[in-house]
Amino acid sequence: MPMAFLCTLRPNFPSTRMTITPRSVLTRESRMGVQYELKQGQSRLFHKLPSGLAMEVIFQKGFDLRNPDEGRERFAKPPLVFIHGSFHAAWCWAEYWLPFFSQNGFDCYALSLLGQGESEAPDGPVAGLLETHAADVADFISKEIRLPPVLLGHSFGGLIVQYYIANIRGEQISEMRSLHPDLAGAVLICSVPPSGNSGLVWRYLFSKPIAAFKVTRSLAAKAFQTSLPLCKETFFSAEIEADLVERYQKLMKESSRMPLFDLRKLNASLPVPSVPKSSIEVLVLGAKDDFIVDAEGLDETGRFYGVLPVCIEGVAHDMMLDCSWEKGAVAIWSWLRGLNRQEKI
C-alpha cells in the first residue's frame, strides 16, 4: 500500500522528522466534539466486542522505507497494539508513534477503550474494570491479529497491560484463562505500578505536598481540562508549544466521556498477580520529567518484572505526544530490534 510520507532519513536509523498530511475517514457520526483527523495511511476501524459495543481502532500498515519491496523479513515483525491511559484515546498514538513504527515495518493498532474516544460506551457510571478492559483487548487480539503482538500501554493503560500479562493462557488462575492470547512482548510506558497509584499519592503528600495538590486538582478534579498551564505541567515538558497543549487539551477533554475505572474497585483488585520472570519480555520505560509517575513508581514496576527500567531524559508523562516524542520511540524501536532476533525483525 503506497503511502505519501515526506520524511528526512538518517543513514541506518529510523526517521524522527516527518511531515504528514491529515485526512479523516470517520464513516459514522463522531462521538467526540473535537474530531481527530487521521494522518495519511491511517484508517479508523471499529471492532465489535462480545458485548455488542464497538471499539475504535486506528490502524496503520507497516512498511519499510529502507526496503520498499517489503520482502519476507517484514512479516517476521510482530504487530504493535497500543493501549492509552485515562483522558486519552487511540489518537494519542496516531499523532507521532504510529507513523514512526509503521515506516519501520510494524503493523500498528491503537485502541480506544470503551467510553473513550470514538468507542461506544457501556451502561453505568464508569467505562469498565481492569478485568473487562483487558478482556476487550484480548478479544480484539484473538480475532483481528494473526501473529502474537507486542502490547504497549501508557499510564493506566500500562496497568491494563500488566493485568493482561498476568492472565495469559496457561499462566493464570482466573476464569478468563482462554481469553488472553499470547504476546511477543510488552512495553510499559510511564505506567502505573503493579500496586496501583495509591503509593504515588502518599509519597507526593509527604514529600511534595504542592505537587500532590496540583496532581489531585488536575486529575481527580479534572482541572487540566480548563487550565492550560496545569495541563502542560501535568502531561508535557516546559518546552512544548502552547498551541499544541491547547489542541491536546481539547482532545483529552472530549476523549473521556466517562471515567476509565472506579478507582475504589480498582484498588481492591490490586496488586496485579505476579508472573514468572521468563514468561514474557517486558520493557519498562519512564520519563525523567514525569509529573505523575515518580522514579520510585518506575523502579517498583521494574523490580516486579525483574528488569532495569529505562528512563528517558527531556520528556514528560505524555512522552508519545511531547516535543521530544522521538526519544521514547527510538528507545522502543531499539528494544524491538533485540526482541526475538532469530526472527530477524
# chains A, B, ... in the order shown; residues from 1 in each chain; ligands from 1
$ residues_around --residues "Cys231 of chain A" --least-positions-apart "6" --cutoff "9 Å" --atoms "only C-alpha atoms" --output "VMD selection string"
chain A and resid 218 223 to 225 245 to 246 249
$ write_last_selection --atoms "C-alpha atoms" --output "short mmCIF file (atom, residue, chain, number, x, y, z; two decimals), in the first residue's frame"
data_model
loop_
_atom_site.label_atom_id
_atom_site.label_comp_id
_atom_site.auth_asym_id
_atom_site.auth_seq_id
_atom_site.Cartn_x
_atom_site.Cartn_y
_atom_site.Cartn_z
CA SER A 218 -5.51 18.34 37.76
CA ALA A 223 -8.83 20.93 36.31
CA PHE A 224 -6.42 20.16 33.47
CA GLN A 225 -9.45 20.45 31.17
CA VAL A 245 -1.03 21.87 24.52
CA GLU A 246 -4.31 23.62 23.73
CA GLN A 249 -6.22 19.56 25.99
#
$ select_by_dssp --residues "segment 172-260 of chain A" --states "alpha helix (DSSP H)" --output "PyMOL selection string"
chain A and resi 198-207+209-215+228-235+242-255
$ residues_around --residues "Ala134 of chain A" --least-positions-apart "3" --cutoff "12 Å" --atoms "only C-alpha atoms" --output "PyMOL selection string"
chain A and resi 83+111+113-114+128-131+137-141+151+153+156-168+176-177+179-181
$ write_last_selection --atoms "N, CA, C and O atoms" --output "CSV table (one decimal), in the first residue's frame"
chain,number,residue,atom,x,y,z
A,83,ILE,N,-2.3,0.7,23.9
A,83,ILE,CA,-3.4,1.0,24.9
A,83,ILE,C,-3.1,2.3,25.6
A,83,ILE,O,-2.1,2.4,26.3
A,111,LEU,N,-5.9,1.3,20.1
A,111,LEU,CA,-7.3,1.0,20.5
A,111,LEU,C,-7.8,2.2,21.4
A,111,LEU,O,-7.0,2.8,22.2
A,113,LEU,N,-10.3,2.4,24.4
A,113,LEU,CA,-11.1,1.6,25.4
A,113,LEU,C,-12.6,2.1,25.4
A,113,LEU,O,-12.8,3.3,25.0
A,114,LEU,N,-13.5,1.3,25.9
A,114,LEU,CA,-14.9,1.7,25.9
A,114,LEU,C,-15.1,3.0,26.7
A,114,LEU,O,-14.5,3.2,27.7
A,128,GLY,N,-15.4,0.7,32.8
A,128,GLY,CA,-15.2,-0.7,33.0
A,128,GLY,C,-14.3,-1.0,34.2
A,128,GLY,O,-13.9,-0.1,34.9
A,129,LEU,N,-13.9,-2.3,34.3
A,129,LEU,CA,-13.0,-2.7,35.3
A,129,LEU,C,-11.6,-3.1,34.7
A,129,LEU,O,-11.5,-3.2,33.4
A,130,LEU,N,-10.6,-3.3,35.5
A,130,LEU,CA,-9.4,-3.8,35.0
A,130,LEU,C,-9.5,-5.0,34.2
A,130,LEU,O,-9.0,-5.2,33.1
A,131,GLU,N,-10.4,-5.9,34.7
A,131,GLU,CA,-10.6,-7.2,34.0
A,131,GLU,C,-11.4,-7.1,32.7
A,131,GLU,O,-11.0,-7.7,31.7
A,137,VAL,N,-9.3,-6.0,25.1
A,137,VAL,CA,-8.1,-6.0,24.4
A,137,VAL,C,-7.8,-7.5,23.9
A,137,VAL,O,-7.4,-7.7,22.7
A,138,ALA,N,-8.0,-8.4,24.7
A,138,ALA,CA,-7.8,-9.8,24.4
A,138,ALA,C,-8.7,-10.3,23.2
A,138,ALA,O,-8.3,-11.0,22.3
A,139,ASP,N,-10.0,-9.8,23.3
A,139,ASP,CA,-10.9,-10.2,22.2
A,139,ASP,C,-10.5,-9.6,20.9
A,139,ASP,O,-10.5,-10.3,19.9
A,140,PHE,N,-10.0,-8.4,20.9
A,140,PHE,CA,-9.5,-7.8,19.7
A,140,PHE,C,-8.3,-8.6,19.1
A,140,PHE,O,-8.3,-8.9,17.9
A,141,ILE,N,-7.4,-8.9,20.0
A,141,ILE,CA,-6.2,-9.6,19.5
A,141,ILE,C,-6.5,-11.0,19.0
A,141,ILE,O,-6.0,-11.4,18.0
A,151,LEU,N,2.4,-5.7,23.1
A,151,LEU,CA,1.3,-4.8,23.7
A,151,LEU,C,2.0,-3.7,24.4
A,151,LEU,O,2.9,-3.9,25.3
A,153,GLY,N,1.4,-0.2,26.7
A,153,GLY,CA,0.4,0.5,27.5
A,153,GLY,C,1.0,1.7,28.2
A,153,GLY,O,2.1,1.7,28.7
A,156,PHE,N,-2.4,4.4,33.0
A,156,PHE,CA,-3.3,3.3,33.5
A,156,PHE,C,-3.4,2.3,32.4
A,156,PHE,O,-3.8,1.1,32.7
A,157,GLY,N,-3.2,2.6,31.2
A,157,GLY,CA,-3.1,1.6,30.1
A,157,GLY,C,-2.0,0.6,30.4
A,157,GLY,O,-2.2,-0.6,30.0
A,158,GLY,N,-0.9,1.0,31.0
A,158,GLY,CA,0.1,0.1,31.4
A,158,GLY,C,-0.3,-0.9,32.4
A,158,GLY,O,0.1,-2.1,32.5
A,159,LEU,N,-1.2,-0.4,33.3
A,159,LEU,CA,-1.8,-1.4,34.3
A,159,LEU,C,-2.6,-2.4,33.7
A,159,LEU,O,-2.7,-3.6,34.1
A,160,ILE,N,-3.4,-2.0,32.7
A,160,ILE,CA,-4.2,-3.0,31.9
A,160,ILE,C,-3.3,-4.0,31.2
A,160,ILE,O,-3.6,-5.2,31.3
A,161,VAL,N,-2.2,-3.6,30.7
A,161,VAL,CA,-1.2,-4.5,30.1
A,161,VAL,C,-0.7,-5.4,31.1
A,161,VAL,O,-0.5,-6.7,30.9
A,162,GLN,N,-0.4,-4.9,32.3
A,162,GLN,CA,0.1,-5.8,33.4
A,162,GLN,C,-0.9,-6.9,33.7
A,162,GLN,O,-0.5,-8.1,34.0
A,163,TYR,N,-2.1,-6.5,33.8
A,163,TYR,CA,-3.2,-7.5,34.2
A,163,TYR,C,-3.3,-8.5,33.0
A,163,TYR,O,-3.4,-9.7,33.3
A,164,TYR,N,-3.2,-8.0,31.8
A,164,TYR,CA,-3.2,-8.9,30.6
A,164,TYR,C,-2.1,-10.0,30.7
A,164,TYR,O,-2.3,-11.2,30.6
A,165,ILE,N,-0.9,-9.5,31.0
A,165,ILE,CA,0.3,-10.4,31.1
A,165,ILE,C,0.0,-11.5,32.2
A,165,ILE,O,0.3,-12.6,32.0
A,166,ALA,N,-0.5,-11.1,33.3
A,166,ALA,CA,-0.8,-12.0,34.4
A,166,ALA,C,-1.8,-13.0,34.1
A,166,ALA,O,-2.0,-14.0,34.8
A,167,ASN,N,-2.6,-12.8,33.0
A,167,ASN,CA,-3.7,-13.7,32.7
A,167,ASN,C,-3.6,-14.3,31.3
A,167,ASN,O,-4.6,-14.7,30.7
A,168,ILE,N,-2.4,-14.3,30.8
A,168,ILE,CA,-2.1,-15.0,29.5
A,168,ILE,C,-2.4,-16.5,29.7
A,168,ILE,O,-2.1,-17.0,30.8
A,176,MET,N,-10.7,-16.3,33.3
A,176,MET,CA,-10.5,-15.7,32.0
A,176,MET,C,-9.4,-16.3,31.2
A,176,MET,O,-8.8,-15.8,30.3
A,177,ARG,N,-9.1,-17.6,31.6
A,177,ARG,CA,-7.9,-18.3,31.0
A,177,ARG,C,-7.8,-18.3,29.5
A,177,ARG,O,-6.8,-18.1,28.9
A,179,LEU,N,-9.2,-16.3,27.4
A,179,LEU,CA,-9.4,-15.0,26.7
A,179,LEU,C,-8.2,-14.2,26.4
A,179,LEU,O,-8.3,-13.1,25.8
A,180,HIS,N,-7.0,-14.6,26.9
A,180,HIS,CA,-5.8,-13.8,26.7
A,180,HIS,C,-4.8,-14.5,25.9
A,180,HIS,O,-4.0,-15.3,26.4
A,181,PRO,N,-4.8,-14.2,24.6
A,181,PRO,CA,-3.8,-14.8,23.7
A,181,PRO,C,-2.4,-14.4,24.0
A,181,PRO,O,-2.1,-13.4,24.7
$ closest_residue --among "A:Leu263, A:Ile332, A:Met320, A:Ile189" --to "Gly286 of chain A" --atoms "only C-alpha atoms"
A:Ile189
$ closest_residue --among "A:Met258, A:Met32, A:Met252, A:Leu219" --to "His88 of chain A" --atoms "only C-alpha atoms"
A:Met252
$ residues_around --residues "Val282 of chain A" --least-positions-apart "5" --cutoff "10 Å" --atoms "only C-alpha atoms" --output "mmCIF file with N, CA and C atoms, in the first residue's frame"
data_model
loop_
_atom_site.group_PDB
_atom_site.id
_atom_site.type_symbol
_atom_site.label_atom_id
_atom_site.label_comp_id
_atom_site.auth_asym_id
_atom_site.auth_seq_id
_atom_site.Cartn_x
_atom_site.Cartn_y
_atom_site.Cartn_z
ATOM 1 N N VAL A 150 3.172 -7.275 20.167
ATOM 2 C CA VAL A 150 3.744 -6.579 21.309
ATOM 3 C C VAL A 150 2.669 -5.614 21.804
ATOM 4 N N LEU A 151 2.371 -5.679 23.093
ATOM 5 C CA LEU A 151 1.330 -4.850 23.693
ATOM 6 C C LEU A 151 1.992 -3.695 24.426
ATOM 7 N N LEU A 152 1.612 -2.462 24.077
ATOM 8 C CA LEU A 152 2.211 -1.269 24.669
ATOM 9 C C LEU A 152 1.133 -0.483 25.405
ATOM 10 N N GLN A 162 -0.384 -4.949 32.299
ATOM 11 C CA GLN A 162 0.133 -5.807 33.364
ATOM 12 C C GLN A 162 -0.878 -6.883 33.747
ATOM 13 N N ILE A 165 -0.874 -9.495 31.010
ATOM 14 C CA ILE A 165 0.278 -10.398 31.119
ATOM 15 C C ILE A 165 0.026 -11.463 32.188
ATOM 16 N N ALA A 184 4.125 -11.336 21.992
ATOM 17 C CA ALA A 184 5.539 -11.391 21.643
ATOM 18 C C ALA A 184 6.367 -10.579 22.622
ATOM 19 N N GLY A 185 5.728 -9.680 23.358
ATOM 20 C CA GLY A 185 6.405 -8.835 24.326
ATOM 21 C C GLY A 185 5.465 -7.761 24.821
ATOM 22 N N ALA A 186 5.939 -6.951 25.758
ATOM 23 C CA ALA A 186 5.116 -5.882 26.311
ATOM 24 C C ALA A 186 6.001 -4.692 26.657
ATOM 25 N N VAL A 187 5.453 -3.483 26.482
ATOM 26 C CA VAL A 187 6.145 -2.245 26.821
ATOM 27 C C VAL A 187 5.240 -1.445 27.748
ATOM 28 N N LEU A 188 5.773 -1.093 28.920
ATOM 29 C CA LEU A 188 5.034 -0.318 29.911
ATOM 30 C C LEU A 188 5.620 1.086 29.930
ATOM 31 N N LYS A 277 9.425 -14.661 35.793
ATOM 32 C CA LYS A 277 10.293 -13.694 35.125
ATOM 33 C C LYS A 277 10.504 -14.029 33.659
ATOM 34 N N GLY A 302 9.827 -2.006 37.498
ATOM 35 C CA GLY A 302 10.995 -2.743 37.033
ATOM 36 C C GLY A 302 11.319 -3.938 37.908
ATOM 37 N N TYR A 305 9.023 -6.986 37.383
ATOM 38 C CA TYR A 305 9.286 -7.814 36.199
ATOM 39 C C TYR A 305 10.750 -8.229 36.081
ATOM 40 N N GLY A 306 11.559 -7.874 37.083
ATOM 41 C CA GLY A 306 12.947 -8.297 37.081
ATOM 42 C C GLY A 306 13.770 -7.677 35.967
ATOM 43 N N VAL A 307 13.450 -6.435 35.608
ATOM 44 C CA VAL A 307 14.190 -5.754 34.550
ATOM 45 C C VAL A 307 14.631 -4.384 35.054
ATOM 46 N N LEU A 308 15.662 -3.843 34.414
ATOM 47 C CA LEU A 308 16.139 -2.498 34.747
ATOM 48 C C LEU A 308 15.345 -1.487 33.938
ATOM 49 N N PRO A 309 14.629 -0.574 34.587
ATOM 50 C CA PRO A 309 13.842 0.410 33.829
ATOM 51 C C PRO A 309 14.730 1.323 32.997
ATOM 52 N N TRP A 335 14.726 -1.579 21.437
ATOM 53 C CA TRP A 335 14.355 -2.784 22.186
ATOM 54 C C TRP A 335 13.697 -3.811 21.269
ATOM 55 N N LEU A 339 14.456 -7.911 20.249
ATOM 56 C CA LEU A 339 13.441 -8.887 20.644
ATOM 57 C C LEU A 339 13.346 -9.981 19.588
#
$ select_by_dssp --residues "segment 191-314 of chain A" --states "strand (DSSP E)" --output "ChimeraX atom specification"
/A:282-287,310-312
$ write_last_selection --atoms "N, CA, C and O atoms" --output "short mmCIF file (atom, residue, chain, number, x, y, z; two decimals), in the first residue's frame"
data_model
loop_
_atom_site.label_atom_id
_atom_site.label_comp_id
_atom_site.auth_asym_id
_atom_site.auth_seq_id
_atom_site.Cartn_x
_atom_site.Cartn_y
_atom_site.Cartn_z
N VAL A 282 9.64 -7.86 28.80
CA VAL A 282 8.98 -6.61 29.17
C VAL A 282 9.99 -5.47 29.17
O VAL A 282 11.08 -5.60 29.74
N LEU A 283 9.62 -4.38 28.54
CA LEU A 283 10.39 -3.13 28.62
C LEU A 283 9.63 -2.17 29.51
O LEU A 283 8.46 -1.87 29.26
N VAL A 284 10.29 -1.69 30.56
CA VAL A 284 9.70 -0.70 31.47
C VAL A 284 10.35 0.64 31.15
O VAL A 284 11.55 0.83 31.34
N LEU A 285 9.54 1.57 30.64
CA LEU A 285 10.03 2.84 30.13
C LEU A 285 9.41 3.99 30.90
O LEU A 285 8.19 4.08 31.03
N GLY A 286 10.26 4.88 31.41
CA GLY A 286 9.76 6.02 32.16
C GLY A 286 10.31 7.32 31.61
O GLY A 286 11.16 7.35 30.73
N ALA A 287 9.78 8.44 32.15
CA ALA A 287 10.18 9.78 31.72
C ALA A 287 10.78 10.53 32.89
O ALA A 287 10.21 10.55 33.98
N VAL A 310 14.18 1.80 31.92
CA VAL A 310 14.84 2.79 31.07
C VAL A 310 14.13 4.12 31.28
O VAL A 310 12.91 4.22 31.09
N CYS A 311 14.86 5.14 31.72
CA CYS A 311 14.28 6.45 31.99
C CYS A 311 14.77 7.44 30.93
O CYS A 311 15.98 7.64 30.79
N ILE A 312 13.84 8.04 30.22
CA ILE A 312 14.18 8.93 29.11
C ILE A 312 14.29 10.36 29.60
O ILE A 312 13.37 10.89 30.23
#
$ residues_around --residues "Glu118 of chain A" --least-positions-apart "5" --cutoff "12 Å" --atoms "only C-alpha atoms" --output "PyMOL selection string"
chain A and resi 26-36+44-47+53-58+88-91+110-113+251+254-257
$ atom_distance --atom1 "atom CA of Asp299 of chain A" --atom2 "atom CA of Ala316 of chain A"
16.6 Å
$ closest_residue --among "A:Leu336, A:Val315, A:Val272, A:Leu244" --to "Val192 of chain A" --atoms "only C-alpha atoms"
A:Val272
$ atom_distance --atom1 "atom CA of Glu233 of chain A" --atom2 "atom CA of Ile292 of chain A"
9.9 Å
$ closest_residue --among "A:Gly124, A:Gly117, A:Pro149, A:Pro79" --to "Gly105 of chain A" --atoms "only C-alpha atoms"
A:Pro79
